[in-house]
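Beneath this line is the structure, given in structure tokens, with notes to follow.
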Amino acid sequence: MPTTPEVNTLHQSDGNEPCFCGSGRKMRLCHKNASPDSRAAHMVRFYRDVEQTISDYRANSPKQPPCREGCSSCCSDYFPVSQVEFELLLVYMERHWSKDEIVQAFEQSEKNLERLKQENKEMYASLVHPIDREGELHDIRHHAGRNSFPCPLLDVENGRCRVYPARPFLCRTHGSTHTFYGSWRERLQPEKVCEYIDGGRTHRKITPNIADYWNPYEQLADVRIGEKRQLLRQYPIFYWMVLYGRHGGGYTTELGNLDNFNLSIDEHNAKMAAHNSP
Ligand code: SF4
Ligand code: SF4
Ligand SMILES: [Zn+2]
């Protein structure tokens, strides 16, 4: 049975675990300057916990969601990811993709944004106008749905994720009918997951319950200092690519700074809180 995760994802490590870049080497021997207590390292540990819950569910439940390799309609959904998750994707692409593939993903992302502008004016406005995370969640509840284009990191020929080992949290939860968004009243409504999975409460009983992971996820995605919490804006993968492509290292995997990797999460939270305070 899935267990309810304690808020214990922030345990320390000695750097002997596999590096977040997907090299298969120990972190202390691979990304040597990275802190095992960084936001990125914690996020990767969190991913492992989620994977374990889902694989336990799959091993023990007589009923299974129809998700399988090559099924990828959900990769066209509009959903946001946190910045550290996006940077983990870039780090993975840096190690495993060719330069041409990386450039193409950036180019595709620009095209995706143009398509969104034509097809979903509300969500386009939500991206390009400065709103906070609360405003973003409101827009997602009311206007997000399936885009007419898939994620730029999908291999459209065979429906495979090209960053699978590094894919973000929400990508790992596809197939679950336990929704994160909305009030408890909204959560009781049948929600559309994908065309292959019915929404609704009954179906929730036969899909992995990952809703309990939302709080630990937010701990890593937002800035927390003690009880104080600042919600950080999140974006869909294609829009992060547009932002990094236009304002960062161009069509490369270069990161502006390595704070998500080299600072401990406490140091990073303090730095961001200082930066964001009025
Ligand atoms: S959530 Fe739906 S579209 Fe996505 S893998 Fe599962 S069955 Fe396929
Ligand atoms: S990162 Fe992978 S799993 Fe997630 S939406 Fe993109 S292609 Fe699909
Ligand atoms: Zn590494």
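Residues are referred to by chain and number: the chain letter is A, B, ... according to the order shown in the structure tokens, the number counts from 1 in that chain, and ligands are numbered separately from 1 in the order shown.
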Hey, which residues come within 8 Å of ligand 3 if we count only C-alpha atoms and all ligand atoms? Could you give them as a short mmCIF file (atom, residue, chain, number, x, y, z; two decimals) with C-alpha atoms, in the first residue's frame?
```cif
data_model
loop_
_atom_site.label_atom_id
_atom_site.label_comp_id
_atom_site.auth_asym_id
_atom_site.auth_seq_id
_atom_site.Cartn_x
_atom_site.Cartn_y
_atom_site.Cartn_z
CA PRO A 18 23.78 8.56 -7.52
CA CYS A 19 24.34 12.01 -9.01
CA PHE A 20 21.31 14.00 -10.11
CA CYS A 21 22.68 14.33 -13.65
CA GLY A 22 21.97 10.68 -14.43
CA SER A 23 25.64 9.75 -14.92
CA GLY A 24 25.28 6.73 -12.64
CA ARG A 25 28.28 7.94 -10.61
CA LYS A 26 28.27 9.00 -6.99
CA MET A 27 27.45 12.67 -6.60
CA LEU A 29 32.68 12.01 -7.65
CA CYS A 30 30.59 13.55 -10.43
CA HIS A 31 29.20 17.03 -9.75
CA LYS A 32 31.84 17.62 -7.11
#
```
Could you give me, as an mmCIF file with C-alpha atoms, in the first residue's frame, every polymer residue with an atom at most 10 Å away from an atom of ligand 2, counting only C-alpha atoms and all ligand atoms?
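Output file out38.cif is given in full below:
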```cif
data_model
loop_
_atom_site.group_PDB
_atom_site.id
_atom_site.type_symbol
_atom_site.label_atom_id
_atom_site.label_comp_id
_atom_site.auth_asym_id
_atom_site.auth_seq_id
_atom_site.Cartn_x
_atom_site.Cartn_y
_atom_site.Cartn_z
ATOM 1 C CA CYS A 71 1.209 6.405 -24.379
ATOM 2 C CA SER A 72 1.819 10.104 -24.287
ATOM 3 C CA SER A 73 -1.382 12.137 -24.681
ATOM 4 C CA CYS A 74 -0.811 13.512 -21.187
ATOM 5 C CA CYS A 75 2.473 15.045 -22.412
ATOM 6 C CA SER A 76 0.305 17.586 -24.252
ATOM 7 C CA ASP A 77 -1.382 18.756 -21.065
ATOM 8 C CA TYR A 78 -0.736 22.250 -19.770
ATOM 9 C CA PHE A 79 1.021 21.826 -16.447
ATOM 10 C CA PRO A 80 3.715 23.807 -14.650
ATOM 11 C CA VAL A 81 6.956 22.614 -13.124
ATOM 12 C CA GLU A 85 12.880 20.619 -11.810
ATOM 13 C CA PHE A 86 13.440 22.441 -15.071
ATOM 14 C CA LEU A 89 16.113 18.602 -17.071
ATOM 15 C CA PRO A 150 3.210 18.015 -26.908
ATOM 16 C CA CYS A 151 6.052 18.793 -24.543
ATOM 17 C CA PRO A 152 9.202 19.737 -26.510
ATOM 18 C CA LEU A 153 11.080 16.929 -24.737
ATOM 19 C CA LEU A 154 8.831 14.193 -26.100
ATOM 20 C CA ASP A 155 9.996 11.958 -28.934
ATOM 21 C CA VAL A 156 6.872 12.323 -31.052
ATOM 22 C CA GLY A 159 5.758 8.658 -27.807
ATOM 23 C CA ARG A 160 8.732 8.317 -25.459
ATOM 24 C CA CYS A 161 9.938 10.877 -22.976
ATOM 25 C CA ARG A 162 13.501 11.841 -23.885
ATOM 26 C CA VAL A 163 14.345 12.899 -20.344
ATOM 27 C CA TYR A 164 12.574 10.023 -18.621
ATOM 28 C CA PRO A 165 14.981 9.476 -15.683
ATOM 29 C CA ALA A 166 14.873 13.229 -14.920
ATOM 30 C CA ARG A 167 11.223 13.929 -15.673
ATOM 31 C CA PRO A 168 9.462 16.286 -13.260
ATOM 32 C CA PHE A 169 7.199 15.330 -10.379
ATOM 33 C CA LEU A 170 3.891 15.751 -12.211
ATOM 34 C CA CYS A 171 5.112 13.605 -15.116
ATOM 35 C CA ARG A 172 5.712 10.820 -12.612
ATOM 36 C CA THR A 173 2.132 11.064 -11.380
ATOM 37 C CA HIS A 174 0.379 10.784 -14.748
ATOM 38 C CA PRO A 236 5.298 24.702 -18.285
ATOM 39 C CA ILE A 237 8.502 23.161 -19.616
ATOM 40 C CA PHE A 238 8.237 24.864 -23.013
#
```
Non-local contacts of A:Arg233 (9 Å; only C-alpha atoms; under 5 positions in same chain excluded) as a PyMOL selection string: chain A and resi 80+82-83+131-134+136+222
Put those residues in a file: N, CA and C atoms, as a short mmCIF file (atom, residue, chain, number, x, y, z; two decimals), in the first residue's frame.
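New file part03.cif:
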```
data_model
loop_
_atom_site.label_atom_id
_atom_site.label_comp_id
_atom_site.auth_asym_id
_atom_site.auth_seq_id
_atom_site.Cartn_x
_atom_site.Cartn_y
_atom_site.Cartn_z
N PRO A 80 2.48 23.10 -14.98
CA PRO A 80 3.71 23.81 -14.65
C PRO A 80 4.68 22.93 -13.86
N SER A 82 8.42 23.33 -11.35
CA SER A 82 9.22 24.32 -10.62
C SER A 82 10.56 24.54 -11.32
N GLN A 83 11.22 25.62 -10.94
CA GLN A 83 12.47 25.97 -11.62
C GLN A 83 13.55 24.90 -11.40
N ILE A 131 2.09 37.56 -12.88
CA ILE A 131 1.16 37.22 -11.81
C ILE A 131 1.91 36.31 -10.85
N ASP A 132 1.37 36.20 -9.64
CA ASP A 132 2.05 35.34 -8.67
C ASP A 132 1.54 33.91 -8.79
N ARG A 133 2.07 33.06 -7.93
CA ARG A 133 1.72 31.64 -8.00
C ARG A 133 0.23 31.41 -7.72
N GLU A 134 -0.34 32.20 -6.82
CA GLU A 134 -1.78 32.07 -6.53
C GLU A 134 -2.59 32.34 -7.79
N GLU A 136 -1.54 32.16 -10.80
CA GLU A 136 -1.26 31.10 -11.77
C GLU A 136 -2.15 29.88 -11.49
N ASP A 222 8.97 25.71 -3.25
CA ASP A 222 8.79 27.08 -2.77
C ASP A 222 9.93 27.46 -1.82
#
```
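When atom CA of A:Arg39 is paired with atom CA of A:Ser264, their separation reads 6.8 Å.
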Pairwise distance for atom CA of A:Gln219 and atom CA of A:Gln234, rounded to one decimal in Å: 13.8 Å
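Residue nearest ligand 1, chosen from A:Leu263, A:Cys67, A:Leu127, A:Leu243 and counting only C-alpha atoms and all ligand atoms: A:Cys67.
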Neighbour list for A:Asn269 as a PyMOL selection string, cut-off 9 Å, only C-alpha atoms, skip fewer than 2 positions in-chain: chain A and resi 222-225+264-267+271-274
Would you write out those residues with N, CA and C atoms, as an mmCIF file, in the first residue's frame?
```cif
data_model
loop_
_atom_site.group_PDB
_atom_site.id
_atom_site.type_symbol
_atom_site.label_atom_id
_atom_site.label_comp_id
_atom_site.auth_asym_id
_atom_site.auth_seq_id
_atom_site.Cartn_x
_atom_site.Cartn_y
_atom_site.Cartn_z
ATOM 1 N N ASP A 222 8.965 25.709 -3.252
ATOM 2 C CA ASP A 222 8.792 27.075 -2.768
ATOM 3 C C ASP A 222 9.927 27.457 -1.816
ATOM 4 N N VAL A 223 9.913 28.711 -1.406
ATOM 5 C CA VAL A 223 10.900 29.170 -0.427
ATOM 6 C C VAL A 223 10.294 29.032 0.958
ATOM 7 N N ARG A 224 10.975 28.339 1.831
ATOM 8 C CA ARG A 224 10.488 28.160 3.209
ATOM 9 C C ARG A 224 11.560 28.583 4.184
ATOM 10 N N ILE A 225 11.146 29.436 5.112
ATOM 11 C CA ILE A 225 12.035 29.725 6.241
ATOM 12 C C ILE A 225 11.180 29.575 7.477
ATOM 13 N N SER A 264 23.197 24.814 -0.087
ATOM 14 C CA SER A 264 22.257 23.969 0.661
ATOM 15 C C SER A 264 20.883 24.621 0.537
ATOM 16 N N ILE A 265 19.841 23.854 0.745
ATOM 17 C CA ILE A 265 18.498 24.406 0.565
ATOM 18 C C ILE A 265 18.238 25.541 1.566
ATOM 19 N N ASP A 266 18.802 25.446 2.761
ATOM 20 C CA ASP A 266 18.612 26.539 3.733
ATOM 21 C C ASP A 266 19.289 27.820 3.256
ATOM 22 N N GLU A 267 20.526 27.677 2.761
ATOM 23 C CA GLU A 267 21.235 28.857 2.231
ATOM 24 C C GLU A 267 20.465 29.449 1.054
ATOM 25 N N LYS A 271 18.743 33.148 0.685
ATOM 26 C CA LYS A 271 19.154 34.045 -0.402
ATOM 27 C C LYS A 271 17.928 34.512 -1.194
ATOM 28 N N MET A 272 17.028 33.583 -1.506
ATOM 29 C CA MET A 272 15.851 33.967 -2.288
ATOM 30 C C MET A 272 14.895 34.829 -1.476
ATOM 31 N N ALA A 273 14.768 34.523 -0.190
ATOM 32 C CA ALA A 273 13.880 35.331 0.651
ATOM 33 C C ALA A 273 14.389 36.773 0.703
ATOM 34 N N ALA A 274 15.724 36.927 0.811
ATOM 35 C CA ALA A 274 16.303 38.277 0.839
ATOM 36 C C ALA A 274 16.076 38.974 -0.496
#
```
Let me make sure I understand: among A:Glu87, A:Ala144, A:Glu101, A:Ile197, which one has the smallest atom-to-atom distance to A:Gly256 if we use only C-alpha atoms? A:Glu87
List every residue of stretch 82-177 of chain A that DSSP, applied to the backbone, labels as helix (DSSP H, G or I), and write the result as a PyMOL selection string. chain A and resi 83-96+99-119+121-128+133-143+164-166+169-172
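Taking atom CA of A:Arg45 as the reference point, atom CA of A:Leu137 is found at 25.5 Å.
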Any chance you could list, as an mmCIF file with N, CA and C atoms, in the first residue's frame, the residues in stretch 8-245 of chain A that come up strand (DSSP E or B) when DSSP is run on the backbone?
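What follows is the written file selection25.cif:
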```
data_model
loop_
_atom_site.group_PDB
_atom_site.id
_atom_site.type_symbol
_atom_site.label_atom_id
_atom_site.label_comp_id
_atom_site.auth_asym_id
_atom_site.auth_seq_id
_atom_site.Cartn_x
_atom_site.Cartn_y
_atom_site.Cartn_z
ATOM 1 N N PRO A 18 23.559 8.269 -6.093
ATOM 2 C CA PRO A 18 23.777 8.559 -7.519
ATOM 3 C C PRO A 18 23.558 10.034 -7.828
ATOM 4 N N LYS A 26 28.607 8.364 -8.264
ATOM 5 C CA LYS A 26 28.269 9.004 -6.990
ATOM 6 C C LYS A 26 28.350 10.520 -7.143
ATOM 7 N N ASP A 77 -0.636 17.969 -22.053
ATOM 8 C CA ASP A 77 -1.382 18.756 -21.065
ATOM 9 C C ASP A 77 -0.613 20.025 -20.699
ATOM 10 N N VAL A 81 5.944 23.275 -13.957
ATOM 11 C CA VAL A 81 6.956 22.614 -13.124
ATOM 12 C C VAL A 81 7.785 23.701 -12.434
ATOM 13 N N ARG A 146 -5.683 20.573 -22.368
ATOM 14 C CA ARG A 146 -4.707 19.938 -23.252
ATOM 15 C C ARG A 146 -4.317 20.907 -24.359
ATOM 16 N N LEU A 154 9.395 15.491 -25.700
ATOM 17 C CA LEU A 154 8.831 14.193 -26.100
ATOM 18 C C LEU A 154 9.376 13.787 -27.465
ATOM 19 N N ASP A 155 9.686 12.506 -27.615
ATOM 20 C CA ASP A 155 9.996 11.958 -28.934
ATOM 21 C C ASP A 155 8.658 11.625 -29.589
ATOM 22 N N ARG A 160 7.906 8.514 -26.663
ATOM 23 C CA ARG A 160 8.732 8.317 -25.459
ATOM 24 C C ARG A 160 9.262 9.634 -24.937
ATOM 25 N N CYS A 161 9.335 9.719 -23.626
ATOM 26 C CA CYS A 161 9.938 10.877 -22.976
ATOM 27 C C CYS A 161 11.452 10.792 -23.163
ATOM 28 N N CYS A 194 -7.300 11.841 -18.560
ATOM 29 C CA CYS A 194 -6.955 11.712 -19.966
ATOM 30 C C CYS A 194 -8.063 10.894 -20.598
ATOM 31 N N ILE A 197 -8.606 7.352 -19.073
ATOM 32 C CA ILE A 197 -8.881 7.142 -17.647
ATOM 33 C C ILE A 197 -10.088 7.961 -17.243
ATOM 34 N N VAL A 223 9.913 28.711 -1.406
ATOM 35 C CA VAL A 223 10.900 29.170 -0.427
ATOM 36 C C VAL A 223 10.294 29.032 0.958
ATOM 37 N N ARG A 224 10.975 28.339 1.831
ATOM 38 C CA ARG A 224 10.488 28.160 3.209
ATOM 39 C C ARG A 224 11.560 28.583 4.184
ATOM 40 N N ILE A 225 11.146 29.436 5.112
ATOM 41 C CA ILE A 225 12.035 29.725 6.241
ATOM 42 C C ILE A 225 11.180 29.575 7.477
ATOM 43 N N LYS A 228 7.411 30.452 7.591
ATOM 44 C CA LYS A 228 7.156 31.408 6.504
ATOM 45 C C LYS A 228 7.375 30.744 5.150
ATOM 46 N N ARG A 229 6.479 31.040 4.239
ATOM 47 C CA ARG A 229 6.561 30.383 2.948
ATOM 48 C C ARG A 229 6.276 31.380 1.834
ATOM 49 N N GLN A 230 7.092 31.380 0.809
ATOM 50 C CA GLN A 230 6.833 32.204 -0.380
ATOM 51 C C GLN A 230 6.599 31.254 -1.542
ATOM 52 N N TYR A 235 6.302 27.329 -14.321
ATOM 53 C CA TYR A 235 5.915 27.447 -15.735
ATOM 54 C C TYR A 235 5.913 26.071 -16.391
#
```
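If you measure from each of A:Gln104, A:Thr53, A:Asn60, A:Ser38 to A:Asn209 using only C-alpha atoms, the closest one turns out to be A:Thr53.
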Counting only C-alpha atoms and all ligand atoms, closest pick from A:Ser126, A:Asn262, A:Asn112, A:Gln64 relative to ligand 1 is A:Gln64
Mind checking which residues fall within 12 Å of stretch 118-121 of chain A, counting only C-alpha atoms, ignoring those fewer than 3 positions away in the same chain, and posting them as a PyMOL selection string? chain A and resi 78+111-115+124-129+139-140+142-149
